[in-house]
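Reproduced below: target-v2.cif, with mmCIF, C-alpha atoms and all ligand atoms.
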```
data_data
#
loop_
_atom_site.label_atom_id
_atom_site.label_comp_id
_atom_site.auth_asym_id
_atom_site.auth_seq_id
_atom_site.Cartn_x
_atom_site.Cartn_y
_atom_site.Cartn_z
CA MET S 1 -23.85 7.20 -7.48
CA LYS S 2 -25.83 6.16 -10.56
CA LYS S 3 -24.01 8.87 -12.46
CA GLN S 4 -20.68 7.42 -11.42
CA VAL S 5 -21.65 3.91 -12.51
CA LEU S 6 -22.78 5.33 -15.83
CA ALA S 7 -19.55 7.26 -16.22
CA LEU S 8 -17.54 4.13 -15.50
CA ALA S 9 -19.59 2.17 -18.00
CA ILE S 10 -19.05 4.78 -20.68
CA ALA S 11 -15.34 4.89 -19.98
CA ALA S 12 -15.22 1.09 -20.17
CA VAL S 13 -16.80 1.15 -23.60
CA LEU S 14 -14.40 3.81 -24.84
CA LEU S 15 -11.39 1.99 -23.47
CA SER S 16 -12.36 -1.35 -24.99
CA ALA S 17 -11.66 0.16 -28.40
CA CYS S 18 -7.89 0.18 -27.84
CA GLY S 19 -5.63 -0.76 -30.72
CA LYS S 20 -3.26 -3.73 -30.73
CA LYS S 21 0.24 -3.80 -32.22
CA GLU S 22 3.38 -5.87 -31.87
CA GLU S 23 3.16 -9.40 -30.56
CA ALA S 24 -0.10 -10.78 -29.12
CA ALA S 25 -0.39 -13.12 -26.11
CA PRO S 26 -0.70 -16.80 -26.92
CA ALA S 27 -4.26 -17.38 -28.11
CA ALA S 28 -6.50 -19.74 -26.15
CA ALA S 29 -6.52 -23.28 -27.57
CA PRO S 30 -9.07 -23.61 -30.39
CA VAL S 31 -12.13 -25.57 -29.29
CA ALA S 32 -13.72 -26.50 -32.61
CA ALA S 33 -13.82 -25.15 -36.13
CA ALA S 34 -15.79 -21.93 -35.83
CA PRO S 35 -18.62 -21.24 -38.25
CA ALA S 36 -17.56 -18.59 -40.74
CA ALA S 37 -20.09 -16.04 -39.46
CA GLU S 38 -18.85 -16.11 -35.86
CA PRO S 39 -16.93 -12.94 -34.90
CA ALA S 40 -13.22 -13.45 -34.30
CA LYS S 41 -12.11 -13.69 -30.66
CA PRO S 42 -10.34 -10.52 -29.51
CA ALA S 43 -6.57 -10.88 -29.61
CA GLY S 44 -4.76 -10.87 -26.28
CA PRO S 45 -2.82 -7.83 -25.14
CA VAL S 46 0.37 -6.72 -26.80
CA LEU S 47 3.39 -8.35 -25.14
CA ASP S 48 7.15 -7.85 -25.42
CA ALA S 49 9.25 -10.31 -27.38
CA GLU S 50 11.11 -11.25 -24.21
CA LYS S 51 8.59 -13.01 -21.96
CA THR S 52 9.86 -11.55 -18.71
CA LEU S 53 8.48 -9.12 -16.17
CA ASN S 54 10.41 -7.75 -13.19
CA ILE S 55 8.28 -6.52 -10.30
CA TYR S 56 9.44 -4.74 -7.15
CA ASN S 57 6.79 -4.58 -4.43
CA TRP S 58 6.45 -4.28 -0.65
CA ALA S 59 6.88 -7.47 1.35
CA ASP S 60 3.64 -9.36 2.18
CA TYR S 61 1.59 -7.44 -0.34
CA ILE S 62 0.27 -9.81 -3.00
CA PRO S 63 -2.19 -12.70 -2.77
CA GLU S 64 -0.64 -16.12 -2.98
CA GLY S 65 -0.89 -17.54 -6.48
CA MET S 66 -1.49 -14.22 -8.25
CA VAL S 67 1.93 -14.12 -9.88
CA ALA S 68 1.67 -17.77 -10.90
CA ALA S 69 -1.79 -17.15 -12.40
CA PHE S 70 -0.41 -14.27 -14.48
CA GLU S 71 2.59 -16.33 -15.61
CA LYS S 72 0.37 -19.20 -16.66
CA GLU S 73 -2.13 -17.10 -18.57
CA PHE S 74 0.39 -14.89 -20.38
CA GLY S 75 3.39 -17.20 -20.69
CA ILE S 76 5.54 -14.57 -18.96
CA LYS S 77 8.16 -15.36 -16.33
CA VAL S 78 7.83 -12.93 -13.42
CA ASN S 79 10.82 -12.07 -11.26
CA TYR S 80 9.24 -10.76 -8.09
CA ASN S 81 11.36 -8.98 -5.46
CA THR S 82 10.36 -7.08 -2.36
CA PHE S 83 11.45 -3.94 -0.51
CA GLU S 84 10.65 -2.69 2.97
CA ASN S 85 10.13 1.01 2.59
CA ASN S 86 9.77 3.86 0.13
CA GLU S 87 13.32 5.03 0.86
CA ALA S 88 14.76 1.72 -0.39
CA LEU S 89 12.70 1.89 -3.57
CA HIS S 90 13.66 5.53 -4.10
CA ALA S 91 17.38 4.78 -3.82
CA LYS S 92 17.07 2.06 -6.49
CA LEU S 93 15.19 4.35 -8.88
CA VAL S 94 17.56 7.26 -8.43
CA ALA S 95 20.56 5.01 -9.06
CA GLY S 96 18.94 4.04 -12.39
CA ASN S 97 18.93 0.75 -14.31
CA SER S 98 16.96 -0.88 -11.53
CA GLY S 99 15.92 -3.59 -13.97
CA TYR S 100 12.33 -3.31 -12.76
CA ASP S 101 9.31 -3.00 -15.03
CA ILE S 102 6.75 -2.34 -12.29
CA VAL S 103 7.39 -0.80 -8.88
CA ILE S 104 4.89 0.06 -6.15
CA PRO S 105 5.59 3.50 -4.61
CA THR S 106 3.24 5.22 -2.17
CA ALA S 107 1.51 8.04 -4.05
CA GLY S 108 2.68 10.88 -1.78
CA PHE S 109 6.28 9.67 -1.88
CA ALA S 110 6.13 9.19 -5.65
CA LYS S 111 5.58 12.89 -6.29
CA LYS S 112 9.29 13.69 -6.26
CA GLN S 113 9.96 10.62 -8.41
CA ILE S 114 7.44 11.87 -10.97
CA ASP S 115 8.87 15.39 -10.81
CA GLY S 116 12.34 13.92 -11.29
CA GLY S 117 11.24 12.05 -14.43
CA LEU S 118 11.82 8.59 -12.94
CA TYR S 119 8.61 7.11 -14.38
CA GLN S 120 7.20 6.80 -17.85
CA PRO S 121 3.56 7.58 -18.61
CA ILE S 122 1.08 4.74 -18.39
CA ASP S 123 -0.53 3.96 -21.75
CA LYS S 124 -4.15 3.75 -20.69
CA THR S 125 -5.19 2.41 -24.10
CA LYS S 126 -3.39 -0.80 -23.15
CA ILE S 127 -5.36 -1.21 -19.94
CA SER S 128 -8.88 -2.34 -20.75
CA ASN S 129 -9.77 -2.55 -17.05
CA TYR S 130 -8.71 1.02 -16.31
CA ALA S 131 -12.36 2.05 -16.09
CA ASN S 132 -12.74 -0.17 -13.01
CA LEU S 133 -10.89 2.45 -10.98
CA ASP S 134 -12.83 4.64 -8.59
CA SER S 135 -12.81 8.18 -9.91
CA LYS S 136 -12.67 9.62 -6.36
CA PHE S 137 -9.38 7.89 -5.82
CA MET S 138 -8.03 8.91 -9.15
CA GLU S 139 -8.82 12.53 -8.27
CA LYS S 140 -6.91 12.16 -5.00
CA ILE S 141 -3.92 10.68 -6.75
CA ALA S 142 -4.08 13.43 -9.38
CA GLY S 143 -2.99 15.78 -6.57
CA VAL S 144 0.49 14.28 -6.85
CA ASP S 145 0.23 12.86 -10.37
CA PRO S 146 -1.63 15.35 -12.61
CA ASP S 147 -3.99 13.65 -15.09
CA ASN S 148 -3.12 10.29 -13.50
CA LYS S 149 -0.28 9.96 -15.96
CA HIS S 150 2.04 7.64 -14.05
CA LEU S 151 0.36 5.98 -11.07
CA VAL S 152 -2.27 3.22 -10.96
CA PRO S 153 -3.65 2.28 -7.53
CA TRP S 154 -2.59 -1.00 -5.98
CA ALA S 155 -4.23 -0.81 -2.53
CA TRP S 156 -4.73 1.64 0.28
CA GLY S 157 -4.68 1.58 4.03
CA PHE S 158 -3.35 3.64 6.91
CA ASN S 159 -0.54 3.71 9.47
CA THR S 160 -2.01 3.20 12.88
CA VAL S 161 -1.63 1.75 16.35
CA GLY S 162 -2.25 -1.93 16.80
CA ILE S 163 -2.39 -3.91 20.00
CA ASN S 164 -2.47 -7.40 21.36
CA LYS S 165 -5.46 -6.70 23.60
CA GLN S 166 -4.82 -9.26 26.31
CA LYS S 167 -1.10 -8.52 26.60
CA VAL S 168 -1.69 -4.75 26.67
CA GLU S 169 -4.37 -5.02 29.34
CA LYS S 170 -2.05 -7.13 31.46
CA ALA S 171 0.90 -4.76 31.03
CA LEU S 172 -1.21 -1.71 31.82
CA ALA S 173 -2.25 -3.44 35.05
CA GLY S 174 -5.51 -1.59 35.57
CA MET S 175 -4.48 1.71 33.99
CA PRO S 176 -7.30 2.69 31.61
CA MET S 177 -6.67 2.81 27.88
CA PRO S 178 -5.97 6.37 26.63
CA GLU S 179 -8.67 8.15 24.69
CA ASN S 180 -6.26 8.64 21.81
CA ALA S 181 -4.62 5.34 20.83
CA TRP S 182 -1.45 7.11 19.61
CA ASP S 183 -0.62 7.78 23.27
CA LEU S 184 -0.02 4.06 23.75
CA VAL S 185 3.10 4.28 21.60
CA LEU S 186 4.01 7.98 21.80
CA ASP S 187 3.49 8.86 25.47
CA PRO S 188 6.02 7.55 28.03
CA LYS S 189 3.21 7.19 30.58
CA TYR S 190 2.03 4.19 28.51
CA THR S 191 5.23 3.07 26.78
CA ASN S 192 6.92 2.64 30.18
CA LYS S 193 4.38 -0.03 30.97
CA LEU S 194 4.05 -1.58 27.51
CA LYS S 195 7.79 -2.06 27.06
CA SER S 196 7.41 -5.20 29.17
CA CYS S 197 5.40 -6.92 26.42
CA GLY S 198 7.20 -5.26 23.48
CA ILE S 199 6.66 -2.15 21.38
CA ALA S 200 7.39 -2.25 17.63
CA PHE S 201 7.68 0.68 15.20
CA LEU S 202 7.75 0.66 11.41
CA ASP S 203 11.31 1.22 10.28
CA SER S 204 11.36 4.25 8.01
CA PRO S 205 11.55 8.05 8.36
CA SER S 206 8.55 8.61 6.09
CA GLU S 207 6.37 6.20 8.07
CA ILE S 208 7.13 7.54 11.55
CA LEU S 209 7.76 11.28 11.20
CA PRO S 210 4.32 12.19 9.75
CA VAL S 211 2.68 10.44 12.68
CA ALA S 212 5.03 12.08 15.21
CA LEU S 213 4.57 15.54 13.68
CA HIS S 214 0.81 15.14 13.74
CA HIS S 215 0.97 14.01 17.37
CA VAL S 216 2.82 17.17 18.43
CA GLY S 217 0.20 19.29 16.64
CA LYS S 218 2.19 20.05 13.50
CA PRO S 219 1.33 19.28 9.87
CA ALA S 220 2.16 15.63 9.15
CA TYR S 221 4.09 16.69 6.06
CA SER S 222 5.63 19.83 7.52
CA GLU S 223 8.58 21.40 5.73
CA ASP S 224 9.67 23.37 8.79
CA PRO S 225 12.82 22.08 10.56
CA ALA S 226 11.56 23.50 13.87
CA ASP S 227 8.57 21.12 13.69
CA PHE S 228 10.91 18.18 13.18
CA LYS S 229 12.88 19.25 16.25
CA LEU S 230 9.72 19.14 18.32
CA ALA S 231 8.70 15.74 16.93
CA GLY S 232 12.24 14.42 17.53
CA GLU S 233 12.11 15.52 21.17
CA MET S 234 8.82 13.73 21.65
CA LEU S 235 10.14 10.55 20.00
CA ALA S 236 13.32 10.62 22.11
CA LYS S 237 11.24 10.22 25.25
CA VAL S 238 9.72 6.91 24.11
CA ARG S 239 12.83 5.56 22.38
CA PRO S 240 14.14 3.57 25.39
CA ASP S 241 10.86 1.64 25.49
CA ILE S 242 10.87 0.50 21.84
CA ARG S 243 12.05 -3.06 21.27
CA ILE S 244 11.63 -3.63 17.53
CA PHE S 245 12.05 -1.52 14.38
CA SER S 246 10.69 -3.42 11.41
CA SER S 247 8.61 -3.02 8.26
CA THR S 248 7.81 -6.72 8.15
CA MET S 249 6.26 -7.15 11.57
CA ILE S 250 3.41 -9.56 10.83
CA ASP S 251 5.25 -12.53 12.37
CA ASP S 252 6.51 -10.49 15.32
CA ILE S 253 2.93 -9.50 16.11
CA ALA S 254 1.44 -12.96 15.52
CA SER S 255 4.11 -14.70 17.59
CA GLY S 256 3.64 -12.31 20.51
CA LYS S 257 7.03 -10.57 20.32
CA ALA S 258 5.26 -7.21 20.33
CA CYS S 259 2.05 -6.13 22.07
CA ALA S 260 1.76 -2.53 20.83
CA PHE S 261 2.88 -1.34 17.43
CA VAL S 262 2.94 1.46 14.91
CA GLY S 263 2.07 -0.56 11.82
CA TRP S 264 0.04 -0.70 8.63
CA SER S 265 -3.67 -1.45 9.03
CA GLY S 266 -3.69 -4.44 6.68
CA ASP S 267 -0.57 -6.05 8.14
CA ILE S 268 -2.09 -5.79 11.63
CA ASN S 269 -5.27 -7.43 10.33
CA ILE S 270 -3.23 -10.17 8.63
CA ALA S 271 -1.45 -10.85 11.94
CA ALA S 272 -4.85 -10.99 13.69
CA GLY S 273 -6.03 -13.62 11.21
CA ARG S 274 -2.82 -15.61 11.60
CA VAL S 275 -3.24 -15.81 15.40
CA LYS S 276 -6.79 -17.12 14.90
CA GLU S 277 -5.63 -19.68 12.32
CA MET S 278 -3.03 -20.94 14.77
CA GLY S 279 -5.73 -21.33 17.42
CA GLY S 280 -4.27 -18.52 19.56
CA LYS S 281 -6.48 -16.79 22.12
CA ASP S 282 -4.99 -13.30 21.94
CA GLU S 283 -6.90 -10.66 19.98
CA ILE S 284 -4.83 -8.48 17.69
CA VAL S 285 -6.63 -5.25 16.92
CA ALA S 286 -5.91 -2.34 14.57
CA LEU S 287 -7.17 0.73 16.40
CA LEU S 288 -8.71 3.87 14.96
CA PRO S 289 -7.07 6.72 16.90
CA THR S 290 -9.30 9.71 17.68
CA THR S 291 -6.79 11.97 15.93
CA GLY S 292 -6.72 9.68 12.90
CA GLY S 293 -4.48 7.16 11.20
CA LEU S 294 -2.16 8.22 8.38
CA VAL S 295 -3.59 7.35 4.96
CA PHE S 296 -1.45 5.85 2.25
CA ILE S 297 -2.30 4.92 -1.31
CA ASP S 298 0.18 2.52 -2.86
CA THR S 299 0.40 2.57 -6.64
CA MET S 300 1.91 0.77 -9.62
CA ALA S 301 4.36 2.71 -11.78
CA ILE S 302 6.67 1.87 -14.67
CA PRO S 303 10.28 3.11 -14.31
CA LYS S 304 11.48 5.25 -17.20
CA ASP S 305 14.14 2.70 -18.19
CA ALA S 306 11.88 -0.39 -17.90
CA LYS S 307 12.65 -2.99 -20.58
CA HIS S 308 9.33 -4.88 -20.65
CA VAL S 309 6.82 -2.09 -20.93
CA ASN S 310 4.11 -4.08 -22.74
CA ASN S 311 4.35 -6.90 -20.23
CA ALA S 312 4.07 -4.32 -17.46
CA HIS S 313 0.85 -2.97 -18.97
CA ALA S 314 -0.49 -6.52 -19.30
CA PHE S 315 0.16 -7.11 -15.59
CA ILE S 316 -1.46 -3.81 -14.58
CA ASP S 317 -4.51 -4.72 -16.67
CA PHE S 318 -4.60 -8.21 -15.14
CA TYR S 319 -4.37 -6.74 -11.62
CA LEU S 320 -7.24 -4.36 -12.35
CA ARG S 321 -9.66 -7.21 -13.08
CA GLY S 322 -12.41 -7.06 -10.48
CA GLU S 323 -11.72 -10.58 -9.24
CA ASN S 324 -8.03 -9.87 -8.64
CA SER S 325 -8.73 -6.70 -6.67
CA ALA S 326 -11.25 -8.63 -4.59
CA LEU S 327 -8.64 -11.32 -3.95
CA MET S 328 -6.22 -8.63 -2.83
CA ALA S 329 -8.68 -7.19 -0.30
CA ASN S 330 -9.75 -10.64 0.91
CA GLU S 331 -6.24 -11.98 1.41
CA MET S 332 -4.18 -8.90 2.27
CA SER S 333 -6.80 -6.94 4.26
CA TYR S 334 -6.22 -3.70 2.38
CA SER S 335 -8.88 -1.63 0.72
CA THR S 336 -9.14 -1.30 -3.02
CA ALA S 337 -9.76 1.55 -5.43
CA ASN S 338 -11.31 -0.92 -7.88
CA THR S 339 -15.10 -0.62 -8.00
CA ALA S 340 -15.44 -3.82 -10.03
CA GLY S 341 -13.83 -5.76 -7.16
CA LEU S 342 -16.35 -4.80 -4.49
CA ALA S 343 -18.88 -7.54 -5.26
CA GLY S 344 -16.25 -10.24 -4.70
CA ILE S 345 -15.09 -9.00 -1.32
CA LYS S 346 -16.04 -11.24 1.61
CA ASP S 347 -18.53 -9.88 4.16
CA GLU S 348 -16.05 -10.26 7.03
CA ILE S 349 -13.64 -7.95 5.16
CA LYS S 350 -16.31 -5.47 4.06
CA SER S 351 -17.62 -5.23 7.62
CA ASN S 352 -14.16 -4.74 9.16
CA ASP S 353 -14.15 -1.02 9.93
CA THR S 354 -10.35 -0.85 9.74
CA ILE S 355 -10.43 -2.02 6.11
CA PHE S 356 -13.60 -0.37 4.82
CA LEU S 357 -13.93 2.73 6.94
CA ASN S 358 -17.23 4.40 7.75
CA PRO S 359 -17.51 8.08 6.79
CA GLU S 360 -16.82 9.26 10.33
CA ASN S 361 -13.56 7.33 10.61
CA MET S 362 -12.67 8.23 7.06
CA ALA S 363 -13.05 11.93 7.85
CA ARG S 364 -10.62 11.56 10.76
CA LEU S 365 -7.79 10.12 8.71
CA ILE S 366 -4.66 12.21 8.24
CA PRO S 367 -4.55 12.93 4.48
CA THR S 368 -1.82 11.41 2.40
CA GLY S 369 1.11 13.61 1.41
CA GLY S 370 4.85 13.66 0.87
CA TYR S 371 8.04 15.55 1.68
CA SER S 372 10.16 17.57 -0.71
CA ASN S 373 13.78 16.74 -1.47
CA GLU S 374 14.72 19.93 0.41
CA ILE S 375 13.49 18.67 3.77
CA SER S 376 14.70 15.10 3.31
CA SER S 377 17.98 15.56 5.20
CA VAL S 378 16.11 16.99 8.19
CA LEU S 379 13.62 14.11 7.96
CA ASN S 380 16.35 11.46 7.80
CA ASP S 381 18.51 13.06 10.48
CA THR S 382 15.56 13.32 12.87
CA TYR S 383 14.65 9.69 12.29
CA ASN S 384 18.21 8.39 12.55
CA ALA S 385 18.82 10.29 15.78
CA PHE S 386 15.61 8.80 17.16
CA LYS S 387 16.51 5.26 16.13
CA ARG S 388 20.07 5.52 17.44
CA GLY S 389 18.68 6.90 20.69
CA ARG S 390 20.60 10.16 20.75
N1 LIG Y 1 2.88 -5.52 3.83
C1 LIG Y 1 3.23 -4.32 3.21
C2 LIG Y 1 2.18 -3.31 3.18
C3 LIG Y 1 2.71 -2.17 2.46
C4 LIG Y 1 2.18 -0.92 2.83
N2 LIG Y 1 2.72 0.17 2.19
C5 LIG Y 1 2.69 1.20 3.06
C6 LIG Y 1 3.13 2.49 2.58
C7 LIG Y 1 2.92 3.52 3.60
N3 LIG Y 1 3.59 4.72 3.37
#
```

Output the structure of this file as structure tokens.
Amino acid sequence: MKKQVLALAIAAVLLSACGKKEEAAPAAAPVAAAPAAEPAKPAGPVLDAEKTLNIYNWADYIPEGMVAAFEKEFGIKVNYNTFENNEALHAKLVAGNSGYDIVIPTAGFAKKQIDGGLYQPIDKTKISNYANLDSKFMEKIAGVDPDNKHLVPWAWGFNTVGINKQKVEKALAGMPMPENAWDLVLDPKYTNKLKSCGIAFLDSPSEILPVALHHVGKPAYSEDPADFKLAGEMLAKVRPDIRIFSSTMIDDIASGKACAFVGWSGDINIAAGRVKEMGGKDEIVALLPTTGGLVFIDTMAIPKDAKHVNNAHAFIDFYLRGENSALMANEMSYSTANTAGLAGIKDEIKSNDTIFLNPENMARLIPTGGYSNEISSVLNDTYNAFKRGR
């Protein structure tokens, strides 16, 4: 551990020596005439002449006020748009000229985007806070992005089963909870009962198929069409019981429209907090299935045709400040790969074992991965047939 801290400190020192070119950010207002001997204040980061930054991120995935804080400090106008799944982002990138300077793909999904040359390398010399990143995470991401050339972690979490405890207990009417929480949403024995209070699924092939494949005993990121057939048959059995397909289900959960859901850990925790804030009595819980939740690591990347590359680096550097990563974990209930953020994370978040997992739960998680372009038609067809119900 000590070694890691030392390594991070050394890296921080090396990175702080980065050069500055082009136009600097507006300097802070002078306070008083400085004595001649005082060292000059470091210049701000290099920015583009056009003070614009276009960001494309998942819905409900940034602390309130973070964009405004960046705009104020750097004098940059941020156009911030959201998408609902990796497929939507992918289509924009493949079409080209997306107009975005920063996008937030999931690492496993981004592999084919990297291989297809859709991103430009990150210039680490422009990111003084790069050393804040946890080397363990960077090694994981290097599996899809060798040498961490293109992807910088945003947050991580896992796809899992969530429930509204009181509503589920009532709908199950005395039937005990299954040992494996995935059965609540993937076994008709349970879905037949829970349909009365509403079952919601994330709406995307790459969110549902890995979970379904894993549940039928196949690799989550299988490339074998026969495995998809099996997963599709299993999904078809629960399809009549599913009420909602959505990738923005926080409100549906908090307002009681769904009682059991395949969702993202942080979004389920956000919904739980919202119910409490509204004085609701129901407990919303993200469960830790015995066979594991599906890990994802979301990352920042700069599209190859981005127009405001310096501004993008300035934002990435800003986001990697310890206090901003802490804000992210505190407000969005997702875990961070930023070691400098840990001290600022609230105890209630640190002690939530669906945000900061203990080693046992961590070991159970289904590792992150991605599908090749070759299997994507099988993946999409299986999902579409499931959603259509035939
Ligand atoms: N509220 C949005 C959270 C975004 C989570 N990204 C999930 C990617 C999983 N593949």

* **Atomic distance atom CA of S:Asn164 - atom CA of S:Ala329, expressed in Å with one decimal** => 22.5 Å

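Take the candidates S:Ile76, S:Val275, S:Met138, S:Ala220 and check each one against S:Ile253 using all atoms listed in the file; the shortest distance goes to S:Val275.
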
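Picture a line from atom CA of S:Pro188 to atom CA of S:Ala260; it runs 13.1 Å.
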
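Residues in contact with S:Phe245 at 9 Å, where all atoms listed in the file are counted and same-chain residues fewer than 4 positions away are skipped, are listed as S:Ile199, S:Ala200, S:Phe201, S:Leu202, S:Asp203, S:Ser204, S:Met249, S:Lys387.
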
I'd like the box whose edges run along x, y and z of the file and which contains every listed atom of ligand LIG 1 (chain Y), padded by 5 Å per side; could you state its centre and edge lengths in Å, one decimal, as AutoDock Vina command-line options?
```
--center_x 2.9 --center_y -0.4 --center_z 3.0 --size_x 11.4 --size_y 20.2 --size_z 11.6
```

* Hey, can you pull every residue with an atom no more than 9 Å from (-0.1, 7.2, 8.0), using only C-alpha atoms, and send it as number ranges by chain? -> S: 157-160, 206-208, 210-211, 220, 263-264, 292-296, 365-368

* Kindly extract all protein, DNA and RNA residues lying within 12 Å of the coordinates (9.3, -1.4, 30.3) given in the file, considering only C-alpha atoms, and supply them as an NGL selection string. => :S and (171-172 or 188-199 or 238-243 or 259)

* Around ligand LIG 1 (chain Y), at most 6 Å away and counting all atoms listed in the file, which residues are there? Put them as a count of residues only, please. => 8

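When all atoms listed in the file are used to measure the gap to S:Gly217, the shortest distance among S:Thr52, S:Asn311, S:Thr291, S:Asn352 belongs to S:Thr291.
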
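Take atom CA of S:Asn330 and atom CA of S:Ile270: the distance between them is 10.1 Å.
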
* To do: Might you pull out every residue within 12 Å of stretch 86-96 of chain S, with all atoms listed in the file counted and same-chain residues fewer than 5 positions away left off, and present them as an MDAnalysis selection string?
  => chainID S and resid 55:59 81 101:114 116:119 202:207 247 296 298:299 301:306 370:371 373 376 379:380
